[in-house]
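Engineer: Sharing protein18.pdb here; it has PDB, C-alpha atoms.
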```pdb
ATOM      1  CA  MET W  38       0.000   0.000   0.000
ATOM      2  CA  ALA W  39       2.635   2.460   1.119
ATOM      3  CA  THR W  40       4.980   1.446  -1.697
ATOM      4  CA  GLY W  41       2.101   1.683  -4.145
ATOM      5  CA  SER W  42       1.286   5.274  -3.346
ATOM      6  CA  GLY W  43       4.991   6.052  -3.278
ATOM      7  CA  ALA W  44       5.398   4.718  -6.768
ATOM      8  CA  ALA W  45       2.348   6.657  -7.918
ATOM      9  CA  ALA W  46       3.786   9.819  -6.444
ATOM     10  CA  ALA W  47       7.121   9.187  -8.146
ATOM     11  CA  ALA W  48       5.341   8.614 -11.445
ATOM     12  CA  ALA W  49       3.380  11.837 -11.012
ATOM     13  CA  ASP W  50       6.608  13.592 -10.154
ATOM     14  CA  ALA W  51       8.316  12.299 -13.265
ATOM     15  CA  GLU W  52       5.334  13.310 -15.360
ATOM     16  CA  GLU W  53       5.406  16.771 -13.890
ATOM     17  CA  LYS W  54       9.115  17.097 -14.595
ATOM     18  CA  GLU W  55       8.530  15.945 -18.132
ATOM     19  CA  SER W  56       5.658  18.343 -18.687
ATOM     20  CA  GLY W  57       7.765  21.094 -17.142
ATOM     21  CA  SER W  58      10.381  20.675 -19.845
ATOM     22  CA  ARG W  59       7.833  20.499 -22.665
ATOM     23  CA  MET W  60       7.858  23.367 -25.089
ATOM     24  CA  ILE W  61       4.701  25.090 -26.299
ATOM     25  CA  THR W  62       4.206  27.226 -29.368
ATOM     26  CA  LEU W  63       2.106  30.372 -29.168
ATOM     27  CA  THR W  64       1.237  32.094 -32.415
ATOM     28  CA  SER W  65       0.386  35.786 -32.659
ATOM     29  CA  ASN W  66      -2.369  37.161 -34.883
ATOM     30  CA  GLU W  67       0.342  38.015 -37.410
ATOM     31  CA  GLY W  68       1.297  34.347 -37.618
ATOM     32  CA  LYS W  69       4.565  34.729 -35.768
ATOM     33  CA  ALA W  70       5.400  31.683 -33.622
ATOM     34  CA  PHE W  71       6.849  31.980 -30.127
ATOM     35  CA  VAL W  72       8.221  28.831 -28.476
ATOM     36  CA  VAL W  73       8.021  28.942 -24.694
ATOM     37  CA  THR W  74       8.453  26.490 -21.829
ATOM     38  CA  GLU W  75       5.291  24.932 -20.496
ATOM     39  CA  ALA W  76       6.067  26.506 -17.122
ATOM     40  CA  SER W  77       6.013  29.904 -18.781
ATOM     41  CA  ALA W  78       2.825  29.178 -20.766
ATOM     42  CA  ARG W  79       1.092  27.946 -17.606
ATOM     43  CA  GLN W  80       1.176  31.504 -16.243
ATOM     44  CA  SER W  81      -1.855  31.889 -18.493
ATOM     45  CA  ALA W  82      -4.894  30.177 -16.969
ATOM     46  CA  THR W  83      -6.426  30.059 -20.455
ATOM     47  CA  ILE W  84      -3.526  28.051 -21.894
ATOM     48  CA  ARG W  85      -3.107  26.035 -18.682
ATOM     49  CA  SER W  86      -6.652  24.716 -18.895
ATOM     50  CA  MET W  87      -6.295  23.930 -22.590
ATOM     51  CA  VAL W  88      -3.096  21.983 -21.881
ATOM     52  CA  ASP W  89      -4.656  20.168 -18.928
ATOM     53  CA  ASP W  90      -7.730  19.300 -20.969
ATOM     54  CA  GLY W  91      -5.425  17.464 -23.347
ATOM     55  CA  GLY W  92      -5.468  20.225 -25.923
ATOM     56  CA  CYS W  93      -3.334  20.081 -29.021
ATOM     57  CA  VAL W  94      -0.042  20.946 -27.381
ATOM     58  CA  ASP W  95       1.918  19.756 -30.404
ATOM     59  CA  LYS W  96       0.041  21.959 -32.816
ATOM     60  CA  GLY W  97       0.515  24.988 -30.617
ATOM     61  CA  PHE W  98      -1.944  27.680 -29.674
ATOM     62  CA  PRO W  99      -3.000  30.409 -32.089
ATOM     63  CA  LEU W 100      -3.835  33.656 -30.301
ATOM     64  CA  PRO W 101      -5.984  35.648 -32.728
ATOM     65  CA  ASN W 102      -6.405  38.537 -30.290
ATOM     66  CA  VAL W 103      -2.739  39.225 -29.593
ATOM     67  CA  ASP W 104      -0.220  40.875 -31.914
ATOM     68  CA  SER W 105       3.467  39.963 -32.002
ATOM     69  CA  LYS W 106       4.768  43.000 -30.141
ATOM     70  CA  THR W 107       2.300  42.468 -27.297
ATOM     71  CA  LEU W 108       2.821  38.710 -27.183
ATOM     72  CA  ALA W 109       6.598  39.138 -26.951
ATOM     73  CA  ARG W 110       6.165  41.428 -23.970
ATOM     74  CA  VAL W 111       3.623  39.154 -22.294
ATOM     75  CA  ILE W 112       5.975  36.184 -22.760
ATOM     76  CA  GLN W 113       8.758  38.207 -21.173
ATOM     77  CA  TYR W 114       6.586  38.437 -18.063
ATOM     78  CA  CYS W 115       5.574  34.762 -18.165
ATOM     79  CA  ASP W 116       9.180  33.609 -18.593
ATOM     80  CA  GLU W 117      10.277  35.599 -15.593
ATOM     81  CA  HIS W 118       7.435  34.336 -13.407
ATOM     82  CA  GLY W 119       7.152  30.817 -14.795
ATOM     83  CA  ASN W 120      10.749  29.790 -15.310
ATOM     84  CA  LYS W 121      12.370  31.303 -12.257
ATOM     85  CA  GLU W 122      12.094  30.234  -8.655
ATOM     86  CA  ALA W 123      10.753  32.695  -6.112
ATOM     87  CA  HIS W 124      11.458  30.963  -2.821
ATOM     88  CA  THR W 125      14.259  32.926  -1.201
ATOM     89  CA  VAL W 126      14.098  36.567  -0.174
ATOM     90  CA  ASP W 127      16.604  37.466  -2.887
ATOM     91  CA  GLU W 128      14.614  35.652  -5.568
ATOM     92  CA  ARG W 129      11.447  37.428  -4.529
ATOM     93  CA  ALA W 130      13.216  40.769  -4.497
ATOM     94  CA  ALA W 131      14.554  40.129  -8.011
ATOM     95  CA  LEU W 132      11.046  39.311  -9.220
ATOM     96  CA  ALA W 133       9.608  42.426  -7.578
ATOM     97  CA  LYS W 134      12.332  44.490  -9.246
ATOM     98  CA  PHE W 135      11.478  42.901 -12.586
ATOM     99  CA  ASP W 136       7.791  43.763 -12.118
ATOM    100  CA  LYS W 137       8.626  47.341 -11.197
ATOM    101  CA  ASP W 138      10.804  47.901 -14.280
ATOM    102  CA  PHE W 139       8.356  46.000 -16.472
ATOM    103  CA  ILE W 140       5.394  48.175 -15.517
ATOM    104  CA  ALA W 141       7.425  51.407 -15.586
ATOM    105  CA  GLU W 142       8.091  50.810 -19.282
ATOM    106  CA  LEU W 143       4.418  50.159 -19.979
ATOM    107  CA  ASP W 144       3.408  53.180 -17.940
ATOM    108  CA  ALA W 145       5.414  55.354 -20.322
ATOM    109  CA  ASP W 146       3.507  53.973 -23.330
ATOM    110  CA  LYS W 147      -0.223  54.004 -22.587
ATOM    111  CA  ALA W 148      -1.205  52.371 -25.889
ATOM    112  CA  PHE W 149       1.100  49.456 -25.164
ATOM    113  CA  LEU W 150      -0.188  49.310 -21.586
ATOM    114  CA  TYR W 151      -3.678  48.969 -23.055
ATOM    115  CA  ASP W 152      -2.628  46.140 -25.390
ATOM    116  CA  VAL W 153      -0.821  44.206 -22.658
ATOM    117  CA  THR W 154      -3.792  44.650 -20.305
ATOM    118  CA  MET W 155      -6.167  43.277 -22.928
ATOM    119  CA  ALA W 156      -3.844  40.330 -23.555
ATOM    120  CA  ALA W 157      -3.437  39.614 -19.842
ATOM    121  CA  ASN W 158      -7.214  39.676 -19.507
ATOM    122  CA  TYR W 159      -7.764  37.429 -22.540
ATOM    123  CA  LEU W 160      -5.070  34.952 -21.464
ATOM    124  CA  HIS W 161      -6.022  35.164 -17.770
ATOM    125  CA  ILE W 162      -2.548  35.916 -16.498
ATOM    126  CA  GLN W 163      -3.537  36.969 -13.018
ATOM    127  CA  GLY W 164      -0.286  38.537 -11.837
ATOM    128  CA  LEU W 165       0.226  40.534 -15.016
ATOM    129  CA  PHE W 166      -3.392  41.666 -15.063
ATOM    130  CA  ALA W 167      -3.115  42.871 -11.451
ATOM    131  CA  LEU W 168       0.065  44.723 -12.353
ATOM    132  CA  THR W 169      -1.369  46.539 -15.368
ATOM    133  CA  THR W 170      -4.763  47.383 -13.850
ATOM    134  CA  GLN W 171      -3.018  48.798 -10.767
ATOM    135  CA  CYS W 172      -0.851  50.914 -13.062
ATOM    136  CA  ILE W 173      -3.965  52.253 -14.811
ATOM    137  CA  ALA W 174      -5.625  52.924 -11.449
ATOM    138  CA  ASP W 175      -2.525  54.784 -10.242
ATOM    139  CA  THR W 176      -2.652  56.975 -13.335
ATOM    140  CA  ILE W 177      -6.253  57.879 -12.518
ATOM    141  CA  LYS W 178      -5.524  58.748  -8.888
ATOM    142  CA  GLY W 179      -5.571  62.409  -7.939
ATOM    143  CA  LYS W 180      -6.424  63.617 -11.424
ATOM    144  CA  THR W 181      -9.242  65.904 -12.482
ATOM    145  CA  PRO W 182     -11.659  64.648 -15.154
ATOM    146  CA  GLU W 183      -9.927  66.799 -17.768
ATOM    147  CA  GLU W 184      -6.477  65.463 -16.831
ATOM    148  CA  ILE W 185      -7.770  61.910 -17.119
ATOM    149  CA  ARG W 186      -9.307  62.565 -20.528
ATOM    150  CA  THR W 187      -5.976  63.938 -21.712
ATOM    151  CA  ALA W 188      -3.947  61.063 -20.224
ATOM    152  CA  PHE W 189      -6.095  58.395 -21.890
ATOM    153  CA  GLY W 190      -7.405  60.238 -24.927
ATOM    154  CA  ILE W 191     -11.020  59.958 -23.796
ATOM    155  CA  GLU W 192     -13.843  62.040 -25.262
ATOM    156  CA  TYR W 193     -16.184  63.915 -22.970
ATOM    157  CA  ASP W 194     -19.622  62.336 -23.414
ATOM    158  CA  LEU W 195     -21.488  62.946 -20.161
ATOM    159  CA  THR W 196     -25.177  63.641 -20.494
ATOM    160  CA  ALA W 197     -27.026  66.587 -19.024
ATOM    161  CA  GLN W 198     -28.438  64.149 -16.457
ATOM    162  CA  ASP W 199     -24.921  63.077 -15.468
ATOM    163  CA  GLU W 200     -23.942  66.705 -15.016
ATOM    164  CA  GLU W 201     -27.031  67.279 -12.910
ATOM    165  CA  GLU W 202     -26.095  64.339 -10.670
ATOM    166  CA  ILE W 203     -22.526  65.581 -10.370
ATOM    167  CA  LYS W 204     -23.754  68.981  -9.276
ATOM    168  CA  GLU W 205     -25.885  67.231  -6.685
ATOM    169  CA  GLU W 206     -22.903  65.148  -5.482
ATOM    170  CA  ASP W 207     -20.854  68.292  -5.026
ATOM    171  CA  THR W 208     -23.399  70.160  -2.954
ATOM    172  CA  HIS W 209     -24.385  67.254  -0.714
ATOM    173  CA  ALA W 210     -21.034  65.638  -0.074
TER     174      ALA W 210
ATOM    175  CA  MET Q 643       6.928  50.744 -38.700
ATOM    176  CA  ALA Q 644       5.073  47.476 -38.133
ATOM    177  CA  SER Q 645       2.615  49.316 -35.943
ATOM    178  CA  SER Q 646      -0.546  49.391 -38.026
ATOM    179  CA  SER Q 647      -2.824  50.096 -35.072
ATOM    180  CA  PRO Q 648      -3.664  53.673 -34.179
ATOM    181  CA  PRO Q 649      -1.594  55.245 -31.393
ATOM    182  CA  VAL Q 650      -4.692  56.029 -29.360
ATOM    183  CA  ARG Q 651      -6.501  53.113 -27.749
ATOM    184  CA  PRO Q 652     -10.255  53.079 -27.043
ATOM    185  CA  TRP Q 653      -9.916  53.431 -23.282
ATOM    186  CA  ALA Q 654     -13.514  54.573 -22.980
ATOM    187  CA  ASP Q 655     -14.718  51.393 -24.696
ATOM    188  CA  LEU Q 656     -13.041  48.944 -22.308
ATOM    189  CA  GLN Q 657     -15.356  46.164 -21.173
ATOM    190  CA  HIS Q 658     -17.379  47.157 -18.143
ATOM    191  CA  ASP Q 659     -16.014  44.232 -16.069
ATOM    192  CA  LEU Q 660     -12.477  45.285 -16.806
ATOM    193  CA  LEU Q 661     -13.187  48.905 -15.912
ATOM    194  CA  VAL Q 662     -14.795  47.759 -12.664
ATOM    195  CA  MET Q 663     -11.573  45.944 -11.760
ATOM    196  CA  ILE Q 664      -9.548  49.048 -12.513
ATOM    197  CA  MET Q 665     -11.902  51.255 -10.482
ATOM    198  CA  SER Q 666     -11.647  48.817  -7.564
ATOM    199  CA  ARG Q 667      -7.960  49.715  -7.399
ATOM    200  CA  VAL Q 668      -8.377  53.479  -7.641
ATOM    201  CA  GLY Q 669      -9.149  54.055  -3.981
ATOM    202  CA  LEU Q 670     -11.933  55.814  -2.149
ATOM    203  CA  PRO Q 671     -10.853  59.476  -2.368
ATOM    204  CA  ASP Q 672     -10.921  59.374  -6.150
ATOM    205  CA  LEU Q 673     -14.074  57.291  -6.288
ATOM    206  CA  LEU Q 674     -15.966  59.780  -4.148
ATOM    207  CA  SER Q 675     -15.233  62.919  -6.093
ATOM    208  CA  GLY Q 676     -12.287  62.265  -8.344
ATOM    209  CA  GLY Q 677     -11.917  62.513 -12.068
ATOM    210  CA  ALA Q 678     -12.533  58.817 -12.647
ATOM    211  CA  THR Q 679     -16.234  59.286 -11.987
ATOM    212  CA  ARG Q 680     -16.479  62.242 -14.363
ATOM    213  CA  ALA Q 681     -14.155  61.504 -17.265
ATOM    214  CA  CYS Q 682     -16.776  59.892 -19.507
ATOM    215  CA  SER Q 683     -20.020  57.964 -19.150
ATOM    216  CA  ALA Q 684     -18.466  54.473 -19.368
ATOM    217  CA  TRP Q 685     -15.918  55.227 -16.660
ATOM    218  CA  ARG Q 686     -18.595  56.948 -14.577
ATOM    219  CA  ALA Q 687     -20.823  53.864 -14.775
ATOM    220  CA  SER Q 688     -18.001  51.527 -13.756
ATOM    221  CA  ALA Q 689     -16.855  53.751 -10.874
ATOM    222  CA  ARG Q 690     -20.433  53.622  -9.554
ATOM    223  CA  ASP Q 691     -20.835  49.865  -9.967
ATOM    224  CA  PRO Q 692     -21.811  48.212  -6.641
ATOM    225  CA  LEU Q 693     -18.950  45.725  -7.072
ATOM    226  CA  VAL Q 694     -16.464  48.556  -6.635
ATOM    227  CA  TRP Q 695     -18.066  49.508  -3.298
ATOM    228  CA  ARG Q 696     -18.138  46.116  -1.583
ATOM    229  CA  ARG Q 697     -15.272  46.849   0.776
ATOM    230  CA  VAL Q 698     -14.865  50.391   1.990
ATOM    231  CA  ASP Q 699     -12.198  51.637   4.360
ATOM    232  CA  LEU Q 700     -12.919  55.060   5.866
ATOM    233  CA  ARG Q 701     -10.329  54.822   8.648
ATOM    234  CA  ASP Q 702      -7.871  57.272   7.100
ATOM    235  CA  TRP Q 703     -10.267  60.180   7.149
ATOM    236  CA  ALA Q 704      -7.532  62.831   6.768
ATOM    237  CA  ILE Q 705      -6.453  61.512   3.364
ATOM    238  CA  LEU Q 706     -10.059  61.226   2.303
ATOM    239  CA  THR Q 707     -10.953  64.829   3.114
ATOM    240  CA  SER Q 708      -7.753  66.393   1.786
ATOM    241  CA  ALA Q 709      -8.191  64.583  -1.515
ATOM    242  CA  ARG Q 710     -11.786  65.722  -1.724
ATOM    243  CA  ARG Q 711     -10.875  69.328  -1.044
ATOM    244  CA  ARG Q 712      -8.046  69.289  -3.556
ATOM    245  CA  LEU Q 713     -10.294  67.886  -6.262
ATOM    246  CA  ALA Q 714     -13.186  70.140  -5.406
ATOM    247  CA  ALA Q 715     -11.068  73.273  -5.608
ATOM    248  CA  GLY Q 716     -11.961  73.947  -9.220
ATOM    249  CA  ASP Q 717     -15.592  72.967  -8.960
ATOM    250  CA  GLY Q 718     -16.996  76.208  -7.606
ATOM    251  CA  GLU Q 719     -16.034  78.502  -4.783
ATOM    252  CA  ALA Q 720     -19.252  78.255  -2.843
ATOM    253  CA  ALA Q 721     -19.214  74.457  -2.761
ATOM    254  CA  ALA Q 722     -15.563  74.336  -1.741
ATOM    255  CA  ALA Q 723     -15.982  76.926   1.010
ATOM    256  CA  GLY Q 724     -19.049  75.201   2.426
ATOM    257  CA  ARG Q 725     -17.442  71.814   2.347
ATOM    258  CA  GLY Q 726     -14.454  72.971   4.396
ATOM    259  CA  ARG Q 727     -16.714  73.917   7.288
ATOM    260  CA  VAL Q 728     -18.890  70.841   7.431
ATOM    261  CA  PRO Q 729     -18.528  69.300  10.899
ATOM    262  CA  LEU Q 730     -16.807  65.957  11.021
ATOM    263  CA  GLN Q 731     -19.840  63.939  12.091
ATOM    264  CA  ALA Q 732     -22.095  65.366   9.401
ATOM    265  CA  ALA Q 733     -19.426  64.820   6.770
ATOM    266  CA  LEU Q 734     -19.153  61.163   7.713
ATOM    267  CA  CYS Q 735     -22.935  60.885   7.530
ATOM    268  CA  SER Q 736     -22.993  62.161   3.977
ATOM    269  CA  VAL Q 737     -20.108  59.924   2.934
ATOM    270  CA  LEU Q 738     -21.799  56.880   4.493
ATOM    271  CA  GLU Q 739     -24.967  57.731   2.634
ATOM    272  CA  ILE Q 740     -23.092  57.768  -0.672
ATOM    273  CA  VAL Q 741     -21.163  54.594   0.129
ATOM    274  CA  VAL Q 742     -24.271  52.673   1.130
ATOM    275  CA  ARG Q 743     -26.197  53.891  -1.895
ATOM    276  CA  ARG Q 744     -23.387  52.916  -4.265
ATOM    277  CA  ALA Q 745     -22.895  49.485  -2.690
ATOM    278  CA  ALA Q 746     -26.600  48.829  -3.286
ATOM    279  CA  GLY Q 747     -26.809  45.983  -0.809
ATOM    280  CA  ARG Q 748     -23.584  44.303  -1.893
ATOM    281  CA  MET Q 749     -21.476  45.606   0.963
ATOM    282  CA  GLU Q 750     -19.146  43.083   2.595
ATOM    283  CA  ALA Q 751     -16.994  45.161   4.900
ATOM    284  CA  LEU Q 752     -16.981  48.741   6.070
ATOM    285  CA  LEU Q 753     -14.221  50.191   8.222
ATOM    286  CA  LEU Q 754     -15.145  53.389  10.055
ATOM    287  CA  PRO Q 755     -12.947  56.227  11.298
ATOM    288  CA  GLU Q 756     -12.298  56.532  15.016
ATOM    289  CA  PHE Q 757     -14.771  59.352  15.524
ATOM    290  CA  ALA Q 758     -17.772  57.395  14.220
ATOM    291  CA  ASP Q 759     -20.588  57.447  16.770
ATOM    292  CA  GLU Q 760     -23.909  55.747  17.517
ATOM    293  CA  GLU Q 761     -25.682  57.848  14.955
ATOM    294  CA  HIS Q 762     -23.524  56.414  12.197
ATOM    295  CA  LEU Q 763     -23.845  52.868  13.459
ATOM    296  CA  LEU Q 764     -27.591  53.277  13.688
ATOM    297  CA  PHE Q 765     -27.753  54.503  10.111
ATOM    298  CA  LEU Q 766     -25.714  51.498   8.973
ATOM    299  CA  ALA Q 767     -27.732  49.054  11.031
ATOM    300  CA  GLN Q 768     -30.912  50.357   9.407
ATOM    301  CA  SER Q 769     -29.398  50.141   5.950
ATOM    302  CA  ALA Q 770     -28.115  46.631   6.560
ATOM    303  CA  ARG Q 771     -31.564  45.537   7.730
ATOM    304  CA  GLY Q 772     -33.011  46.857   4.510
ATOM    305  CA  TRP Q 773     -30.591  44.759   2.474
ATOM    306  CA  LYS Q 774     -31.467  41.556   4.296
ATOM    307  CA  ARG Q 775     -35.150  42.120   3.736
ATOM    308  CA  ARG Q 776     -34.562  42.830   0.085
ATOM    309  CA  ILE Q 777     -32.521  39.675  -0.344
ATOM    310  CA  GLY Q 778     -34.954  37.640   1.746
ATOM    311  CA  THR Q 779     -38.168  38.493  -0.052
ATOM    312  CA  LYS Q 780     -36.810  38.294  -3.562
ATOM    313  CA  SER Q 781     -34.566  35.359  -2.694
ATOM    314  CA  VAL Q 782     -32.507  36.264  -5.717
ATOM    315  CA  LEU Q 783     -28.802  36.518  -5.103
ATOM    316  CA  PRO Q 784     -26.441  37.684  -7.803
ATOM    317  CA  ILE Q 785     -23.916  34.985  -8.724
ATOM    318  CA  ALA Q 786     -21.012  36.697  -7.035
ATOM    319  CA  ALA Q 787     -23.075  37.834  -4.052
ATOM    320  CA  PRO Q 788     -21.279  38.016  -0.733
ATOM    321  CA  SER Q 789     -22.823  36.744   2.439
ATOM    322  CA  PRO Q 790     -25.655  39.092   3.409
ATOM    323  CA  SER Q 791     -24.194  39.574   6.862
ATOM    324  CA  LEU Q 792     -22.394  42.860   7.173
ATOM    325  CA  GLN Q 793     -19.157  43.299   9.019
ATOM    326  CA  ILE Q 794     -19.007  46.738  10.583
ATOM    327  CA  THR Q 795     -15.725  47.402  12.295
ATOM    328  CA  THR Q 796     -14.590  50.439  14.226
ATOM    329  CA  PRO Q 797     -10.858  50.859  14.954
ATOM    330  CA  SER Q 798     -11.273  50.010  18.639
ATOM    331  CA  VAL Q 799     -12.645  46.598  17.654
ATOM    332  CA  ALA Q 800     -10.411  45.984  14.665
ATOM    333  CA  ASN Q 801      -7.059  46.814  16.206
TER     334      ASN Q 801
END
```
Will you turn the file into structure tokens for me?
Structural biologist:
Amino acid sequence: MATGSGAAAAAADAEEKESGSRMITLTSNEGKAFVVTEASARQSATIRSMVDDGGCVDKGFPLPNVDSKTLARVIQYCDEHGNKEAHTVDERAALAKFDKDFIAELDADKAFLYDVTMAANYLHIQGLFALTTQCIADTIKGKTPEEIRTAFGIEYDLTAQDEEEIKEEDTHA
Amino acid sequence: MASSSPPVRPWADLQHDLLVMIMSRVGLPDLLSGGATRACSAWRASARDPLVWRRVDLRDWAILTSARRRLAAGDGEAAAAGRGRVPLQAALCSVLEIVVRRAAGRMEALLLPEFADEEHLLFLAQSARGWKRRIGTKSVLPIAAPSPSLQITTPSVAN
């Protein structure tokens, strides 16, 4: 009994190791193929579930909603978080530093930040999505409506009723 | 050169769910009177979504009021001047009223500032009772509905 479960665990272990070294191909909407480790691809819950459901790992995964530039950047994040260990304090600090630099670059290019956010949402990459949405939220903080419209290129489209409500908010609060 | 997409992205057309997640990270001062709620109608709708108002922390009242004053500065002199003189208790009342209205029965946790008194707790207790009745009679809970029990915590209890 004990040996049986031990053997099963060893087999599962071996399988996990094997799957960890498997390579997966992700294809952008421009047809460009990116080969990544399974550990990296598994950062995406969307791909993870397709792999676990016995999806066509060999054929790769076409991503019709993601362009090459965005996919390359998303993979950069997944590689860092999927392929590297984050057990020790130093490893965690290195990862935090990576995240900080990663998001600082996106913050400087709002259009790219938008694309990466959409990709993170579509691929369900939780950590990346949290990172980009927090960056967007931080941009909003402390700004007037006009400043926000400028920062994001948003058109003013509030209705007269909205304006009426806003006036009400200002006098009562 | 390969960039065929326009430089400007349709930020106003982001899915509502996605905007709600962004607004949940913006923080209370900006949700109460900040630009996020007034930039455009899509952002306004998401900033007022009950999901954004499920957990509200009013403990750092100083930050809350300074942010509100800063943002209100350009809105009209009379409003700004009046707001500065509103007594603390009344100000909390009006904020609680907004918070409770926005949460629309979905509130999970509310953390009050130290100076909150019985009047505020009474208001919340009455509101919370209303939510339970609403949920009870209709017996319809949204999919992501939290437990109907409300956790009201004052600093003396929480810390």
Engineer: Write out as a list in words the residues lying within 8 Å of region 94-98 of chain W, counting all atoms listed in the file and excluding same-chain residues fewer than 3 positions away.
Structural biologist: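 Non-adjacent residues within range: Ile61, Thr62, Leu63, Thr64, Ile84, Val88 and Gly91 of chain W.
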Engineer: Tell me the residues of chain W close to chain Q, meaning within 7 Å using all atoms listed in the file, as a PyMOL selection string.
Structural biologist: chain W and resi 148+151+170-171+173-175+177-183+185-186+189-195+207-208+210
Engineer: Between CA of Asp759 (chain Q) and CA of Glu202 (chain W), what distance in Å does the model show, to one decimal?
Structural biologist: 28.8 Å
Engineer: Would you kindly translate the PyMOL selection byres ((chain W and resi 163) around 12) into the concrete residues it picks from this file, as a PDB file with C-alpha atoms, in the frame of the given file?
Structural biologist:
```pdb
ATOM      1  CA  ARG W  79       1.092  27.946 -17.606  1.00  0.00           C
ATOM      2  CA  GLN W  80       1.176  31.504 -16.243  1.00  0.00           C
ATOM      3  CA  SER W  81      -1.855  31.889 -18.493  1.00  0.00           C
ATOM      4  CA  ALA W  82      -4.894  30.177 -16.969  1.00  0.00           C
ATOM      5  CA  THR W  83      -6.426  30.059 -20.455  1.00  0.00           C
ATOM      6  CA  VAL W 111       3.623  39.154 -22.294  1.00  0.00           C
ATOM      7  CA  TYR W 114       6.586  38.437 -18.063  1.00  0.00           C
ATOM      8  CA  CYS W 115       5.574  34.762 -18.165  1.00  0.00           C
ATOM      9  CA  HIS W 118       7.435  34.336 -13.407  1.00  0.00           C
ATOM     10  CA  THR W 154      -3.792  44.650 -20.305  1.00  0.00           C
ATOM     11  CA  ALA W 156      -3.844  40.330 -23.555  1.00  0.00           C
ATOM     12  CA  ALA W 157      -3.437  39.614 -19.842  1.00  0.00           C
ATOM     13  CA  ASN W 158      -7.214  39.676 -19.507  1.00  0.00           C
ATOM     14  CA  TYR W 159      -7.764  37.429 -22.540  1.00  0.00           C
ATOM     15  CA  LEU W 160      -5.070  34.952 -21.464  1.00  0.00           C
ATOM     16  CA  HIS W 161      -6.022  35.164 -17.770  1.00  0.00           C
ATOM     17  CA  ILE W 162      -2.548  35.916 -16.498  1.00  0.00           C
ATOM     18  CA  GLY W 164      -0.286  38.537 -11.837  1.00  0.00           C
ATOM     19  CA  LEU W 165       0.226  40.534 -15.016  1.00  0.00           C
ATOM     20  CA  PHE W 166      -3.392  41.666 -15.063  1.00  0.00           C
ATOM     21  CA  ALA W 167      -3.115  42.871 -11.451  1.00  0.00           C
ATOM     22  CA  LEU W 168       0.065  44.723 -12.353  1.00  0.00           C
ATOM     23  CA  THR W 169      -1.369  46.539 -15.368  1.00  0.00           C
ATOM     24  CA  THR W 170      -4.763  47.383 -13.850  1.00  0.00           C
TER      25      THR W 170
END
```
Engineer: Could you work out how far CA of Asp127 (chain W) lies from CA of Gln113 (chain W), giving the answer in Å with one decimal?
Structural biologist: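 Computing the Euclidean distance for CA of Gln113 (chain W) and CA of Asp127 (chain W) yields 19.9 Å.
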Engineer: Can you work out the spacing between CA of Phe149 (chain W) and CA of Ala131 (chain W) in Å, to one decimal?
Structural biologist: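 If I compute the distance from CA of Phe149 (chain W) to CA of Ala131 (chain W), I get 23.7 Å.
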Engineer: Decode the PyMOL selection byres ((chain W and resi 101-104) around 9) for the given file into explicit residues and return them as a PyMOL selection string.
Structural biologist: chain W and resi 64-69+99-100+105-109+152-153+155-156+159
Engineer: Given the PyMOL selection byres ((chain Q and resi 752) around 6) and the file above, list the residues it selects as a compact mmCIF listing (two decimals) with C-alpha atoms, keeping the file's coordinate frame.
Structural biologist:
```
# COMPACT_ATOMS: atom_id res chain seq x y z
CA ARG Q 697 -15.27 46.85 0.78
CA VAL Q 698 -14.86 50.39 1.99
CA ASP Q 699 -12.20 51.64 4.36
CA ALA Q 751 -16.99 45.16 4.90
CA LEU Q 753 -14.22 50.19 8.22
CA ILE Q 794 -19.01 46.74 10.58
```
